[in-house]
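Enquirer: This one is protein.txt, compact mmCIF, C-alpha atoms.
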```txt
# COMPACT_ATOMS: atom_id res chain seq x y z
CA MET X 1290 60.26 93.90 161.09
CA ARG X 1291 63.68 93.77 162.76
CA LYS X 1292 64.04 90.02 162.43
CA PHE X 1293 63.57 90.00 158.72
CA PRO X 1294 66.53 92.05 157.51
CA SER X 1295 68.88 90.34 159.92
CA ILE X 1296 67.86 86.97 158.57
CA LEU X 1297 68.50 88.32 155.12
CA LYS X 1298 71.90 89.47 156.23
CA THR X 1299 72.79 86.09 157.66
CA ALA X 1300 71.67 84.45 154.49
CA SER X 1301 73.64 86.76 152.28
CA SER X 1302 76.77 86.55 154.41
CA MET X 1303 76.67 82.77 154.25
CA LEU X 1304 76.27 82.93 150.53
CA ALA X 1305 79.20 85.28 150.42
CA LEU X 1306 81.29 82.93 152.50
CA ALA X 1307 80.36 79.98 150.34
CA GLY X 1308 81.12 82.03 147.26
CA SER X 1309 84.49 83.07 148.56
CA MET X 1310 85.53 79.51 149.21
CA ALA X 1311 84.80 78.67 145.66
CA LEU X 1312 86.95 81.58 144.57
CA LEU X 1313 89.95 80.43 146.50
CA PRO X 1314 91.96 77.71 144.82
CA ALA X 1315 92.32 74.50 146.80
CA PRO X 1316 95.30 74.89 149.18
CA GLY X 1317 97.51 72.29 147.55
CA LEU X 1318 97.26 73.98 144.17
CA VAL X 1319 98.54 77.42 145.14
CA LEU X 1320 101.95 78.13 143.71
CA ALA X 1321 104.32 79.98 146.00
CA GLU X 1322 104.41 83.00 143.69
CA ASP X 1323 100.63 83.27 143.44
CA ALA X 1324 100.29 83.13 147.19
CA SER X 1325 102.68 86.01 147.71
CA SER X 1326 101.02 88.13 145.04
CA VAL X 1327 97.62 87.61 146.67
CA VAL X 1328 99.15 88.87 149.92
CA ASP X 1329 100.64 91.88 148.11
CA GLN X 1330 97.33 92.66 146.49
CA GLY X 1331 95.61 92.31 149.84
CA LYS X 1332 98.06 94.75 151.35
CA ALA X 1333 97.44 97.24 148.55
CA VAL X 1334 93.66 97.06 149.04
CA ALA X 1335 94.00 97.30 152.83
CA PHE X 1336 96.20 100.41 152.63
CA ASP X 1337 94.29 102.17 149.83
CA ARG X 1338 92.41 105.14 151.36
CA LYS X 1339 89.53 104.65 148.95
CA LYS X 1340 89.30 100.91 149.64
CA GLY X 1341 90.02 99.28 153.00
CA ASN X 1342 91.72 102.30 154.55
CA CYS X 1343 92.38 100.04 157.54
CA LEU X 1344 95.17 102.40 158.65
CA ALA X 1345 92.54 105.01 159.48
CA CYS X 1346 91.97 103.04 162.66
CA HIS X 1347 94.54 100.23 162.97
CA GLN X 1348 98.28 100.21 163.26
CA ILE X 1349 99.62 97.74 160.67
CA ALA X 1350 103.27 96.89 160.06
CA GLY X 1351 104.49 98.76 156.99
CA GLY X 1352 101.81 101.46 157.09
CA ASP X 1353 102.42 105.16 157.81
CA LEU X 1354 100.45 107.46 160.12
CA PRO X 1355 98.00 104.93 161.49
CA GLY X 1356 95.01 105.97 163.59
CA ASN X 1357 94.58 104.59 167.10
CA ILE X 1358 90.85 103.97 167.25
CA ALA X 1359 91.25 100.20 167.04
CA PRO X 1360 93.65 97.52 168.25
CA PRO X 1361 96.89 97.13 166.26
CA LEU X 1362 96.66 94.24 163.83
CA VAL X 1363 99.32 91.84 165.10
CA ALA X 1364 99.58 88.11 165.79
CA MET X 1365 96.51 87.44 163.70
CA LYS X 1366 97.03 83.70 163.38
CA ALA X 1367 97.14 83.38 167.14
CA ARG X 1368 94.11 85.56 167.64
CA PHE X 1369 92.09 84.03 164.85
CA PRO X 1370 92.97 80.33 164.61
CA ASP X 1371 89.78 80.07 162.60
CA LYS X 1372 90.35 82.13 159.45
CA SER X 1373 86.66 82.37 158.70
CA ARG X 1374 86.16 84.32 161.94
CA LEU X 1375 88.72 86.84 160.76
CA ARG X 1376 86.84 87.15 157.50
CA ALA X 1377 83.56 87.55 159.36
CA GLN X 1378 85.05 90.45 161.39
CA ILE X 1379 85.98 92.23 158.19
CA TRP X 1380 82.78 91.33 156.36
CA ASP X 1381 80.56 92.79 159.08
CA ALA X 1382 82.11 93.87 162.38
CA THR X 1383 78.70 95.02 163.66
CA LYS X 1384 77.54 91.40 163.83
CA ILE X 1385 80.05 90.81 166.59
CA ASN X 1386 79.80 94.23 168.26
CA SER X 1387 76.65 96.04 167.17
CA ASN X 1388 78.08 99.46 168.06
CA SER X 1389 81.41 98.88 166.30
CA ILE X 1390 82.75 101.86 164.38
CA MET X 1391 84.48 99.48 161.96
CA PRO X 1392 82.75 99.72 158.57
CA PRO X 1393 80.95 96.53 157.48
CA PHE X 1394 83.06 96.05 154.37
CA GLY X 1395 81.15 93.09 152.96
CA ARG X 1396 77.60 93.84 154.04
CA GLN X 1397 77.80 97.41 152.73
CA GLN X 1398 79.71 96.36 149.62
CA ILE X 1399 82.55 98.72 150.41
CA LEU X 1400 84.86 95.98 149.13
CA SER X 1401 84.17 93.11 146.76
CA GLU X 1402 84.21 89.54 148.01
CA SER X 1403 87.51 88.91 146.24
CA GLU X 1404 89.07 92.05 147.71
CA ILE X 1405 88.05 90.87 151.16
CA ASN X 1406 89.59 87.46 150.49
CA LYS X 1407 92.87 89.11 149.54
CA ILE X 1408 92.82 91.30 152.65
CA VAL X 1409 92.25 88.24 154.80
CA GLU X 1410 95.33 86.59 153.27
CA PHE X 1411 97.39 89.71 153.92
CA ILE X 1412 96.11 90.23 157.48
CA TYR X 1413 96.80 86.58 158.22
CA THR X 1414 100.52 87.13 157.60
CA LEU X 1415 100.69 89.80 160.34
CA MET U 313 78.04 105.81 180.50
CA LYS U 314 76.21 102.54 180.31
CA LYS U 315 72.93 104.31 179.86
CA LEU U 316 74.29 106.45 177.02
CA LEU U 317 75.43 103.33 175.26
CA THR U 318 72.01 101.78 175.41
CA ILE U 319 70.43 104.95 174.14
CA ALA U 320 72.88 105.05 171.27
CA ALA U 321 72.19 101.49 170.34
CA THR U 322 68.43 101.71 170.51
CA LEU U 323 68.08 105.04 168.79
CA GLY U 324 69.10 103.64 165.50
CA LEU U 325 66.29 101.14 165.71
CA ILE U 326 63.32 103.01 167.08
CA SER U 327 61.33 105.89 165.68
CA ALA U 328 59.90 109.11 167.04
CA ALA U 329 56.98 107.19 168.53
CA SER U 330 58.95 106.56 171.69
CA VAL U 331 59.58 110.21 172.63
CA ALA U 332 57.68 109.80 175.88
CA VAL U 333 59.81 106.98 177.26
CA GLN U 334 63.14 108.61 176.43
CA ALA U 335 65.26 110.51 178.90
CA SER U 336 64.56 114.22 179.19
CA PRO U 337 66.91 116.70 177.51
CA GLN U 338 68.15 117.70 180.97
CA GLN U 339 69.01 114.09 181.73
CA ASP U 340 70.75 113.69 178.34
CA LEU U 341 72.77 116.80 179.04
CA LYS U 342 73.91 115.54 182.41
CA GLU U 343 75.03 112.21 180.99
CA PHE U 344 76.71 113.77 177.96
CA ARG U 345 78.76 116.00 180.23
CA ALA U 346 79.52 113.27 182.74
CA TYR U 347 80.82 111.10 179.89
CA PHE U 348 83.38 113.73 178.86
CA ALA U 349 84.31 114.53 182.45
CA GLU U 350 85.19 110.88 182.87
CA ARG U 351 86.93 110.54 179.50
CA PHE U 352 89.09 113.64 179.97
CA PRO U 353 89.41 114.12 183.72
CA ASP U 354 92.10 116.80 183.29
CA VAL U 355 90.11 119.02 180.93
CA PRO U 356 88.05 121.66 182.74
CA PHE U 357 84.47 122.07 181.45
CA LYS U 358 85.03 125.59 180.11
CA GLU U 359 87.98 124.42 177.98
CA TYR U 360 85.75 122.45 175.60
CA VAL U 361 84.95 125.62 173.67
CA ASN U 362 88.36 125.15 172.04
CA GLY U 363 87.44 121.95 170.25
CA VAL U 364 90.28 119.62 169.46
CA TYR U 365 92.75 122.08 171.02
CA SER U 366 91.15 121.58 174.42
CA ILE U 367 92.59 118.07 174.47
CA ASP U 368 95.78 118.36 172.44
CA GLN U 369 98.67 120.48 173.68
CA ALA U 370 100.81 119.94 170.58
CA SER U 371 98.40 121.37 168.02
CA ARG U 372 97.18 123.96 170.51
CA GLU U 373 100.38 125.95 170.32
CA GLN U 374 100.19 126.31 166.53
CA TRP U 375 96.55 127.28 166.83
CA GLU U 376 97.23 129.92 169.46
CA ALA U 377 99.78 131.45 167.10
CA ILE U 378 97.13 131.53 164.35
CA GLU U 379 94.58 133.14 166.66
CA GLU U 380 97.01 136.02 167.29
CA PHE U 381 96.36 137.22 163.74
CA PRO U 382 92.96 135.69 163.16
CA PRO U 383 92.26 134.71 159.56
CA TYR U 384 88.57 135.57 160.07
CA GLU U 385 89.13 139.21 161.02
CA LEU U 386 88.19 140.51 157.59
CA ASN U 387 85.05 138.36 157.66
CA ILE U 388 83.94 140.02 160.89
CA ASP U 389 84.50 143.46 159.34
CA ASN U 390 82.59 142.51 156.20
CA GLY U 391 79.83 140.98 158.30
CA LYS U 392 79.54 144.11 160.39
CA GLN U 393 79.31 146.26 157.33
CA ALA U 394 76.63 144.07 155.74
CA PHE U 395 74.76 143.99 159.04
CA ASN U 396 74.63 147.78 159.23
CA THR U 397 73.92 148.49 155.55
CA PRO U 398 70.25 149.40 155.08
CA PHE U 399 68.03 147.25 152.85
CA LYS U 400 66.27 148.95 149.94
CA ASN U 401 63.39 149.77 152.29
CA GLY U 402 65.77 151.65 154.62
CA LYS U 403 65.67 149.16 157.48
CA THR U 404 68.63 147.10 158.67
CA TYR U 405 69.08 143.62 160.11
CA ALA U 406 68.92 145.15 163.60
CA SER U 407 65.18 145.66 163.14
CA CYS U 408 64.61 141.89 162.99
CA PHE U 409 66.32 140.88 166.22
CA ARG U 410 66.09 141.30 169.94
CA ASN U 411 68.62 143.82 171.29
CA ASP U 412 69.21 145.00 167.71
CA GLY U 413 70.91 141.68 167.02
CA VAL U 414 73.86 142.34 169.32
CA GLY U 415 75.00 139.61 171.72
CA ILE U 416 72.20 137.15 170.98
CA LYS U 417 73.87 134.16 169.31
CA GLN U 418 73.73 132.14 172.54
CA ASP U 419 69.93 131.83 172.21
CA TYR U 420 70.12 130.04 168.83
CA PRO U 421 68.78 127.73 167.64
CA TYR U 422 65.38 127.99 169.31
CA TYR U 423 62.08 126.32 168.64
CA ASP U 424 59.37 128.59 167.23
CA ASN U 425 55.94 127.44 168.29
CA ALA U 426 54.16 129.58 165.74
CA THR U 427 55.84 127.99 162.73
CA GLY U 428 56.69 124.63 164.30
CA LYS U 429 60.29 125.04 163.16
CA VAL U 430 63.72 125.19 164.68
CA VAL U 431 65.21 128.64 163.98
CA THR U 432 68.96 128.74 163.47
CA LEU U 433 70.79 132.06 163.35
CA GLU U 434 71.40 131.72 159.61
CA ALA U 435 67.72 130.94 158.99
CA ALA U 436 66.79 134.06 160.97
CA ILE U 437 69.21 136.15 158.89
CA ASN U 438 67.62 135.04 155.63
CA GLU U 439 64.13 135.37 157.11
CA CYS U 440 64.98 138.96 157.95
CA ARG U 441 66.02 139.54 154.36
CA SER U 442 62.85 138.09 152.87
CA ASP U 443 60.67 139.99 155.36
CA ASN U 444 62.33 143.12 154.04
CA GLY U 445 61.97 142.26 150.39
CA GLU U 446 65.55 141.13 149.79
CA GLU U 447 66.73 137.96 148.07
CA PRO U 448 67.96 135.25 150.45
CA LEU U 449 71.70 134.60 150.68
CA LYS U 450 73.33 131.25 149.91
CA TRP U 451 73.55 129.17 153.08
CA GLN U 452 77.00 127.73 153.59
CA LYS U 453 79.59 130.44 153.04
CA GLY U 454 80.06 133.99 151.81
CA GLU U 455 77.96 136.88 153.11
CA ILE U 456 75.70 134.82 155.38
CA ALA U 457 78.73 133.33 157.12
CA ASP U 458 80.26 136.80 157.47
CA ILE U 459 77.11 138.20 159.07
CA SER U 460 76.82 135.17 161.32
CA ALA U 461 80.50 135.61 162.27
CA TYR U 462 79.92 139.24 163.21
CA MET U 463 76.86 138.33 165.28
CA SER U 464 78.82 135.55 166.98
CA TYR U 465 81.63 137.96 167.67
CA THR U 466 79.28 140.36 169.46
CA SER U 467 78.09 137.40 171.54
CA ARG U 468 81.52 136.30 172.74
CA GLY U 469 81.53 135.53 176.42
CA ASN U 470 77.78 134.85 176.64
CA LYS U 471 76.85 131.35 177.69
CA THR U 472 75.09 128.97 175.31
CA ASN U 473 71.47 129.03 176.36
CA VAL U 474 69.38 126.79 174.12
CA VAL U 475 65.91 126.09 175.46
CA VAL U 476 63.96 122.91 174.77
CA PRO U 477 60.45 123.44 176.10
CA GLY U 478 58.58 120.29 177.03
CA ASP U 479 55.93 120.62 174.34
CA GLU U 480 55.52 118.08 171.61
CA GLY U 481 56.92 120.02 168.64
CA ALA U 482 60.12 121.09 170.37
CA MET U 483 60.67 117.62 171.79
CA ALA U 484 60.13 116.04 168.37
CA ALA U 485 62.75 118.34 166.84
CA TYR U 486 65.18 117.67 169.67
CA THR U 487 64.67 113.92 169.36
CA ARG U 488 65.13 114.00 165.62
CA GLY U 489 68.44 115.80 166.10
CA LYS U 490 69.52 113.38 168.79
CA ASN U 491 68.62 110.49 166.55
CA HIS U 492 70.75 111.91 163.75
CA PHE U 493 73.66 112.27 166.12
CA TYR U 494 73.59 108.67 167.34
CA ALA U 495 72.41 106.84 164.23
CA LYS U 496 74.91 105.11 162.01
CA ARG U 497 74.69 106.26 158.42
CA GLY U 498 76.32 106.12 155.04
CA GLN U 499 78.06 103.26 153.32
CA LEU U 500 80.72 103.34 156.05
CA ASN U 501 78.03 103.05 158.73
CA MET U 502 79.26 105.58 161.27
CA SER U 503 77.49 108.01 163.56
CA CYS U 504 78.54 111.44 164.77
CA ALA U 505 78.79 109.80 168.19
CA ASP U 506 81.20 107.14 166.87
CA CYS U 507 83.74 109.83 166.07
CA HIS U 508 82.98 112.73 168.42
CA LEU U 509 81.80 110.84 171.52
CA TRP U 510 83.14 107.29 171.76
CA ASN U 511 86.40 108.13 169.97
CA ALA U 512 86.95 111.77 170.88
CA GLY U 513 90.66 112.20 171.50
CA ASN U 514 91.58 109.25 169.29
CA ARG U 515 93.18 109.55 165.89
CA ILE U 516 91.44 108.56 162.69
CA ARG U 517 94.49 108.27 160.49
CA ALA U 518 96.36 111.49 161.32
CA ASP U 519 93.30 113.49 162.45
CA LEU U 520 92.56 113.89 166.11
CA LEU U 521 88.82 113.66 166.77
CA SER U 522 87.32 116.58 168.69
CA PRO U 523 84.81 116.14 171.51
CA ALA U 524 81.22 116.98 170.53
CA LEU U 525 80.94 118.96 173.74
CA GLY U 526 81.82 122.54 172.76
CA HIS U 527 81.51 121.92 169.00
CA THR U 528 78.95 124.65 168.52
CA THR U 529 80.46 127.57 170.47
CA HIS U 530 82.85 128.79 167.81
CA PHE U 531 80.87 128.65 164.57
CA PRO U 532 81.01 129.82 161.88
CA VAL U 533 84.55 128.57 161.46
CA TYR U 534 87.43 129.67 159.27
CA ARG U 535 89.04 126.49 157.95
CA SER U 536 92.37 126.45 156.21
CA LYS U 537 91.08 123.52 154.18
CA TRP U 538 88.13 125.60 152.96
CA GLY U 539 90.29 128.69 152.55
CA GLY U 540 87.47 130.61 154.18
CA LEU U 541 84.55 130.70 156.52
CA GLY U 542 81.79 128.08 156.66
CA THR U 543 78.58 127.62 158.61
CA MET U 544 77.74 124.68 160.86
CA HIS U 545 75.66 123.08 158.12
CA ARG U 546 78.64 123.16 155.77
CA ARG U 547 80.54 121.13 158.37
CA TYR U 548 77.62 118.72 158.83
CA GLY U 549 77.61 118.10 155.09
CA GLY U 550 81.34 117.43 155.13
CA CYS U 551 81.11 114.99 158.03
CA ASN U 552 78.18 113.17 156.39
CA LYS U 553 80.17 112.87 153.15
CA GLN U 554 83.18 111.42 154.93
CA VAL U 555 81.13 108.33 155.74
CA ARG U 556 79.74 108.25 152.20
CA ALA U 557 76.29 109.35 153.29
CA LYS U 558 74.35 111.71 151.06
CA PRO U 559 74.44 115.04 152.88
CA PHE U 560 71.16 116.79 153.67
CA LYS U 561 70.55 120.29 152.32
CA PRO U 562 71.85 123.15 154.47
CA GLN U 563 68.99 124.41 156.66
CA SER U 564 66.95 121.30 155.95
CA ASP U 565 64.69 120.27 158.85
CA GLU U 566 67.15 117.45 159.50
CA TYR U 567 70.20 119.69 160.00
CA GLN U 568 68.20 122.30 161.90
CA ALA U 569 67.10 119.57 164.30
CA LEU U 570 70.67 118.25 164.55
CA GLU U 571 71.95 121.74 165.35
CA TYR U 572 69.22 122.09 167.99
CA PHE U 573 70.32 118.92 169.82
CA HIS U 574 74.03 119.47 169.18
CA THR U 575 73.97 123.05 170.53
CA TYR U 576 71.78 122.15 173.50
CA MET U 577 74.51 119.72 174.58
CA SER U 578 76.90 122.70 174.92
CA ASN U 579 74.59 124.75 177.14
CA GLY U 580 76.56 126.74 179.68
CA LEU U 581 79.70 126.99 177.53
CA VAL U 582 80.61 130.50 176.38
CA MET U 583 80.36 131.69 172.80
CA ASN U 584 83.81 132.20 171.25
CA GLY U 585 83.02 132.39 167.57
CA PRO U 586 84.10 132.74 164.95
CA GLY U 587 86.88 130.20 165.30
CA ALA U 588 89.86 129.03 163.26
CA ARG U 589 90.53 125.38 162.44
CA LYS U 590 92.79 123.49 160.09
```
Now, as a test, write the supplied structure out as structure tokens.
Expert:
Amino acid sequence: MRKFPSILKTASSMLALAGSMALLPAPGLVLAEDASSVVDQGKAVAFDRKKGNCLACHQIAGGDLPGNIAPPLVAMKARFPDKSRLRAQIWDATKINSNSIMPPFGRQQILSESEINKIVEFIYTL
Amino acid sequence: MKKLLTIAATLGLISAASVAVQASPQQDLKEFRAYFAERFPDVPFKEYVNGVYSIDQASREQWEAIEEFPPYELNIDNGKQAFNTPFKNGKTYASCFRNDGVGIKQDYPYYDNATGKVVTLEAAINECRSDNGEEPLKWQKGEIADISAYMSYTSRGNKTNVVVPGDEGAMAAYTRGKNHFYAKRGQLNMSCADCHLWNAGNRIRADLLSPALGHTTHFPVYRSKWGGLGTMHRRYGGCNKQVRAKPFKPQSDEYQALEYFHTYMSNGLVMNGPGARK
């Protein structure tokens, strides 16, 4: 009984990952302006209390009154050389730490796949 | 600490079938307390009755100023008056309770073998009304909270004394409450324990999270945010909603069981209700 849903989850998260790659334009094609607006949009979704509300737990440069439940989000490129691992943390933190308090944004559909992609781009600039 | 973690992790996955293999309530209590003693080594046990103010000096001073002119004083007066006003049949609430209902809050909730239900103080108040031919009161605020506040007030200084007998019904209720406390729920997937155990003393955005130990001693609570008094089940509903979980009904079996476990964990701490919170 336990195995089944977790297989389902894996399957759906891989689908989601595959889907998200399709959504992102090929790297060479991104215009400078587009890239920065994706980052801005990601920041807006991350800071929105009704969306990511990442500041509830994480300190993030540019955000007021952060919580201190979780590690500050800094040096993300160094900590996540593999961007897909960063996305996986946001998509479902409980996969990595089953008792994590961090909401599984993708699995629970708190954010859409494209919102998560934008957040990843923003977080990756930190 | 390690053991608590395992319990927390497994509870979400297993059902009531495993009651027999789980730690006894006494063992749970010991570990719960040891966890806080280790997390806040400078906070004496008896301080936990003050909720978030037991661990935060800065907000404590504002709160102490508020408690000098308590916002719930009128509620206690109203509650006292309601408590002593005879029903249509001439009897009063006193006739329904041990010691005429004075100084008894510390014994609630208890498990009633005859009905197979957990009895919270508010449930007993409404039961008293229906036994005497009166309409029940609404559960979360208003007159029932006033009466509960008065009864809590007369119990100040008495130590929380919730009993969980070893029999099957009581243990099932206790376990159901414990399960609710540790199970992740809602779209945001968080448990009571996530906020009030593992992260007690941390800030979620600007809010400091109170320790679950001592949560139950000062209810009902006057909250500035509510602009009035609310019962424990009003608070449960609010905390469930924060994680985008559908709240249970006040005085549902689920919340009565949660209150049973939650209050048992504060055994030995003195009653200091009603309280004031922001």
Enquirer: Each residue of chain X with at least one atom at most 10 Å from chain U should appear once, together with its nearest atom pair and the corresponding distance in Å (one decimal); atoms considered: only C-alpha atoms; ordering: chain, then increasing residue number; output as JSON lines.
Expert:
```
{"residue": "X:Arg1291", "atom": "CA", "partner": "U:Leu325", "partner_atom": "CA", "distance": 8.4}
{"residue": "X:Arg1338", "atom": "CA", "partner": "U:Arg517", "partner_atom": "CA", "distance": 9.9}
{"residue": "X:Asn1342", "atom": "CA", "partner": "U:Arg517", "partner_atom": "CA", "distance": 8.9}
{"residue": "X:Cys1343", "atom": "CA", "partner": "U:Arg517", "partner_atom": "CA", "distance": 9.0}
{"residue": "X:Leu1344", "atom": "CA", "partner": "U:Arg517", "partner_atom": "CA", "distance": 6.2}
{"residue": "X:Ala1345", "atom": "CA", "partner": "U:Arg517", "partner_atom": "CA", "distance": 3.9}
{"residue": "X:Cys1346", "atom": "CA", "partner": "U:Ile516", "partner_atom": "CA", "distance": 5.5}
{"residue": "X:His1347", "atom": "CA", "partner": "U:Arg517", "partner_atom": "CA", "distance": 8.4}
{"residue": "X:Gln1348", "atom": "CA", "partner": "U:Arg517", "partner_atom": "CA", "distance": 9.3}
{"residue": "X:Asp1353", "atom": "CA", "partner": "U:Arg517", "partner_atom": "CA", "distance": 8.9}
{"residue": "X:Leu1354", "atom": "CA", "partner": "U:Ala518", "partner_atom": "CA", "distance": 5.9}
{"residue": "X:Pro1355", "atom": "CA", "partner": "U:Arg517", "partner_atom": "CA", "distance": 4.9}
{"residue": "X:Gly1356", "atom": "CA", "partner": "U:Arg517", "partner_atom": "CA", "distance": 3.9}
{"residue": "X:Asn1357", "atom": "CA", "partner": "U:Arg515", "partner_atom": "CA", "distance": 5.3}
{"residue": "X:Ile1358", "atom": "CA", "partner": "U:Asn514", "partner_atom": "CA", "distance": 5.7}
{"residue": "X:Ala1359", "atom": "CA", "partner": "U:Asn514", "partner_atom": "CA", "distance": 9.3}
{"residue": "X:Thr1383", "atom": "CA", "partner": "U:Asn501", "partner_atom": "CA", "distance": 9.4}
{"residue": "X:Ser1387", "atom": "CA", "partner": "U:Ala321", "partner_atom": "CA", "distance": 7.7}
{"residue": "X:Asn1388", "atom": "CA", "partner": "U:Ala321", "partner_atom": "CA", "distance": 6.6}
{"residue": "X:Ser1389", "atom": "CA", "partner": "U:Asp506", "partner_atom": "CA", "distance": 8.3}
{"residue": "X:Ile1390", "atom": "CA", "partner": "U:Met502", "partner_atom": "CA", "distance": 6.0}
{"residue": "X:Met1391", "atom": "CA", "partner": "U:Leu500", "partner_atom": "CA", "distance": 8.0}
{"residue": "X:Pro1392", "atom": "CA", "partner": "U:Leu500", "partner_atom": "CA", "distance": 4.9}
{"residue": "X:Pro1393", "atom": "CA", "partner": "U:Leu500", "partner_atom": "CA", "distance": 7.0}
{"residue": "X:Phe1394", "atom": "CA", "partner": "U:Leu500", "partner_atom": "CA", "distance": 7.8}
{"residue": "X:Arg1396", "atom": "CA", "partner": "U:Gln499", "partner_atom": "CA", "distance": 9.5}
{"residue": "X:Gln1397", "atom": "CA", "partner": "U:Gln499", "partner_atom": "CA", "distance": 5.9}
{"residue": "X:Gln1398", "atom": "CA", "partner": "U:Gln499", "partner_atom": "CA", "distance": 8.0}
{"residue": "X:Ile1399", "atom": "CA", "partner": "U:Gln499", "partner_atom": "CA", "distance": 7.0}
```
Enquirer: Would you please work out which residue, of X:Ile1379, X:Leu1362, X:Ala1367, X:Leu1415, is nearest to Ser1401 in chain X when using all atoms listed in the file?
Expert: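 Closest to Ser1401 in chain X, using all atoms listed in the file: X:Ile1379.
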Enquirer: How far is it from CA of Arg468 in chain U to CA of Asn584 in chain U, in Å with one decimal?
Expert: 4.9 Å
Enquirer: How many Å separate CA of Tyr534 in chain U from CA of Ala461 in chain U?
Expert: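 These atoms are spaced 9.6 Å apart.
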Enquirer: Near Val1363 in chain X, within 12 Å and counting only C-alpha atoms, which residues show up once chain neighbours fewer than 6 positions away are dropped, as a PyMOL selection string?
Expert: chain X and resi 1347-1351+1369+1411-1415
Enquirer: Near range 585-588 of chain U, within 12 Å and counting all atoms listed in the file, which residues show up once chain neighbours fewer than 6 positions away are dropped, as a VMD selection string?
Expert: chain U and resid 361 to 365 372 374 to 388 391 415 417 to 418 457 to 472 526 to 544
Enquirer: What gap, in Å, lies between CA of Lys561 in chain U and CA of Ala495 in chain U?
Expert: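 Distance between the two atoms: 18.1 Å.
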Enquirer: From (59.5, 119.2, 170.3), in the file's coordinates, out to 12 Å: which residues are reached, counting all atoms listed in the file? Answer as an MDAnalysis selection string.
Expert: chainID U and resid 328 331:332 336:337 422:425 428:430 475:490 569 572:573
